[in-house]
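A.B. asks: The following block contains the structure, expressed as structure tokens.
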Amino acid sequence: MNQRTLFLRHLAQTSPEPLLLEIERAEGVYLYGSKGERWLDLISGIAVSSVGHRHPAVLKRIHEQTERYFHTMVYGELVLSPQVELASRLVQHLPASLDAVYLCNSGTEATEGAMKLAKRVTGRPNFIAFQNAYHGSSQGALSLMGSDYFKSGYGPLLPGIRTLRYNHTLDLQHINHQTAAVFVEPVQSEAGYRPPCHAWMQALAARCKEVGALLVMDEVQTGFGRTGRWFGFEHYGIVPDIITLAKGLGGGLPIGAFVSSRDNMMHFTHNPVLGHITTFGGNPLSAAAACGVLDVLETMNLDHLETLAAPFYHIQHPLLRGISGKGMMIAWTFDSFDIVKQIIQHCLTHGLLTDWFLFNANSLRICPPLTITPSEIQEALNLLTQAMDAVMQFNG
Ligand SMILES: Cc1ncc(COP(=O)(O)O)c(C=O)c1O
């Protein structure tokens, strides 16, 4: 039996039509297939490979750590230098009030930890989230999801969660003194890279402050330079109470985190003790890789990202209906999912990997490694234009 057959037989499937590309290796912005194919990676494993695949600085840190130790003890008990270095360097890029890092394994776990922390800090039961929000797939995080379709079949989920419209100021009145926290993305990712207006984000932060609800900023996709700043919230002149991180943090290895004030985080130490625990969270190998990501990002000029990404925003084509996004997270919108699917298929057979969005199937995802060069961007634009031309011709 070949790899594909074994894959379909023994790996749990989550969709009826997986892409089924057989990946042999990956380097920089390219994925290489088992039959000599090469794909320019325009999605970075969904905002993960922000410094490109197998960045030398990340590899160096991983290799060094393989000579020392992997897992030694559950999180929080031993002083492990990759975790200490990661947390202390990470907070240097955050406002002073975000100075305590809880390392976990994924974005979903970061959401779960942030939900628990908000309950402990405020003593309140309820949460607010937004339509088309995605914060993860476990039952707490799924309860925050802004889509009834994707929640269907998994009830009962957590009570006390209200879903508001993103970017609608009137709805903010529903945040009240029973609200433990509001979960929000600085740019809504799975809605199709939709940034809200500046004034709305400021009004949201002000409303949270007014009623004593915590503001939790989900930076799982937007963090680590993706929007042209270290973190997406920086665009709005606000400071959240908690941020959640994952994806780009690990340079391809699994790691997540939620960050808040030390005072807030101390709630996990008492009544009950061990208020949030994990075996593998902040795994030393993943933490070392994340230090490698910081090594890269700290030498990168993020101010240039907007200029670098500009060609993706300025393209024109008769099929294109709209372009949205921030920095290197860009969505191109078309008339239908059928057109998007045809473009993706054409791209795949001609050497480029792209995708649609969970809650916006009419849009095409453009989220390459931040290390992509202008000539690689030109290559991507040529392939995308050829695909759009071919689809337009095919559909008459
Ligand atoms: C904005 C956002 N939050 C949370 C998550 C969940 O992260 P993970 O898949 O690492 O659990 C995702 C994953 O796509 C995400 O895009």
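For the structure tokens, the naming scheme is as follows: chains receive sequential letters (A, B, ...) according to their order of presentation, residues are indexed from 1 within each chain, and ligands are indexed from 1 in presentation order.
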Using DSSP assignments from the backbone, pull out every residue in stretch 117-168 of chain A that falls under alpha helix (DSSP H) and give it to me as a PyMOL selection string.

C.D. replies: chain A and resi 117-122+139-143+148-151

A.B. asks: With only C-alpha atoms and all ligand atoms counted, collect every polymer residue having an atom within 9 Å of ligand 1; state the result as JSON, numbers by chain.

C.D. replies: {"A": [46, 47, 105, 106, 107, 108, 109, 110, 111, 133, 134, 135, 136, 137, 138, 141, 184, 185, 187, 188, 189, 190, 218, 219, 220, 221, 222, 244, 245, 246, 247, 254, 255, 256]}

A.B. asks: Residues near A:Cys367, anyone? I mean within 7 Å using only C-alpha atoms, not counting same-chain ones fewer than 4 positions away, as a PyMOL selection string.

C.D. replies: chain A and resi 42-44+47+328-330

A.B. asks: Please extract the residues of stretch 4-138 of chain A with a backbone DSSP assignment of strand (DSSP E or B) and present them as JSON, numbers by chain.

C.D. replies: {"A": [23, 24, 25, 26, 27, 28, 30, 31, 32, 33, 38, 39, 40, 41, 53, 100, 101, 102, 103, 104, 126, 127, 128, 129, 130]}

A.B. asks: For the residues in that selection, give me C-alpha atoms as a PDB file, in the first residue's frame.

C.D. replies:
ATOM      1  CA  ILE A  23       5.414  16.395   1.344  1.00  0.00           C
ATOM      2  CA  GLU A  24       9.035  15.285   1.193  1.00  0.00           C
ATOM      3  CA  ARG A  25      10.714  18.343   2.713  1.00  0.00           C
ATOM      4  CA  ALA A  26      10.326  22.092   3.198  1.00  0.00           C
ATOM      5  CA  GLU A  27      12.779  24.974   3.029  1.00  0.00           C
ATOM      6  CA  GLY A  28      12.218  28.752   3.190  1.00  0.00           C
ATOM      7  CA  TYR A  30       8.849  26.242  -0.547  1.00  0.00           C
ATOM      8  CA  LEU A  31       7.363  22.810   0.066  1.00  0.00           C
ATOM      9  CA  TYR A  32       8.783  19.904  -1.968  1.00  0.00           C
ATOM     10  CA  GLY A  33       6.760  16.849  -2.974  1.00  0.00           C
ATOM     11  CA  ARG A  38       7.674  22.263  -5.661  1.00  0.00           C
ATOM     12  CA  TRP A  39       4.998  24.538  -4.189  1.00  0.00           C
ATOM     13  CA  LEU A  40       5.459  28.138  -3.125  1.00  0.00           C
ATOM     14  CA  ASP A  41       3.804  28.158   0.293  1.00  0.00           C
ATOM     15  CA  HIS A  53      10.406  26.532   6.879  1.00  0.00           C
ATOM     16  CA  ALA A 100       3.748  36.679  33.155  1.00  0.00           C
ATOM     17  CA  VAL A 101       3.708  33.906  30.554  1.00  0.00           C
ATOM     18  CA  TYR A 102       1.933  30.570  30.842  1.00  0.00           C
ATOM     19  CA  LEU A 103       3.395  28.227  28.215  1.00  0.00           C
ATOM     20  CA  CYS A 104       1.098  25.590  26.725  1.00  0.00           C
ATOM     21  CA  ASN A 126     -19.916  34.874  31.407  1.00  0.00           C
ATOM     22  CA  PHE A 127     -17.996  35.460  28.193  1.00  0.00           C
ATOM     23  CA  ILE A 128     -18.488  37.521  25.075  1.00  0.00           C
ATOM     24  CA  ALA A 129     -17.191  36.527  21.656  1.00  0.00           C
ATOM     25  CA  PHE A 130     -17.936  37.633  18.105  1.00  0.00           C
TER      26      PHE A 130
END

A.B. asks: Neighbouring residues of stretch 81-83 of chain A were defined as those with any atom within 7 Å, considering only C-alpha atoms; residues of the same chain fewer than 5 positions away were excluded. Please report them as a list in words.

C.D. replies: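 Once the adjacent positions are removed, what remains is Gly282, Pro284, Ala287 and Ala288 of chain A.
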
A.B. asks: Those same residues, written as a PDB file, in the first residue's frame with N, CA and C atoms?

C.D. replies:
ATOM      1  N   GLY A 282       5.094  24.216  26.977  1.00  0.00           N
ATOM      2  CA  GLY A 282       6.423  24.808  27.023  1.00  0.00           C
ATOM      3  C   GLY A 282       7.530  23.780  26.898  1.00  0.00           C
ATOM      4  N   PRO A 284      10.697  21.868  26.267  1.00  0.00           N
ATOM      5  CA  PRO A 284      11.986  22.541  26.074  1.00  0.00           C
ATOM      6  C   PRO A 284      12.436  22.645  24.605  1.00  0.00           C
ATOM      7  N   ALA A 287      10.275  25.324  23.104  1.00  0.00           N
ATOM      8  CA  ALA A 287      10.657  26.625  23.669  1.00  0.00           C
ATOM      9  C   ALA A 287      11.978  27.099  23.058  1.00  0.00           C
ATOM     10  N   ALA A 288      12.902  26.159  22.836  1.00  0.00           N
ATOM     11  CA  ALA A 288      14.180  26.525  22.201  1.00  0.00           C
ATOM     12  C   ALA A 288      13.934  27.011  20.777  1.00  0.00           C
TER      13      ALA A 288
END

A.B. asks: What gap, in Å, lies between atom CA of A:Trp332 and atom CA of A:Cys197?

C.D. replies: 19.1 Å
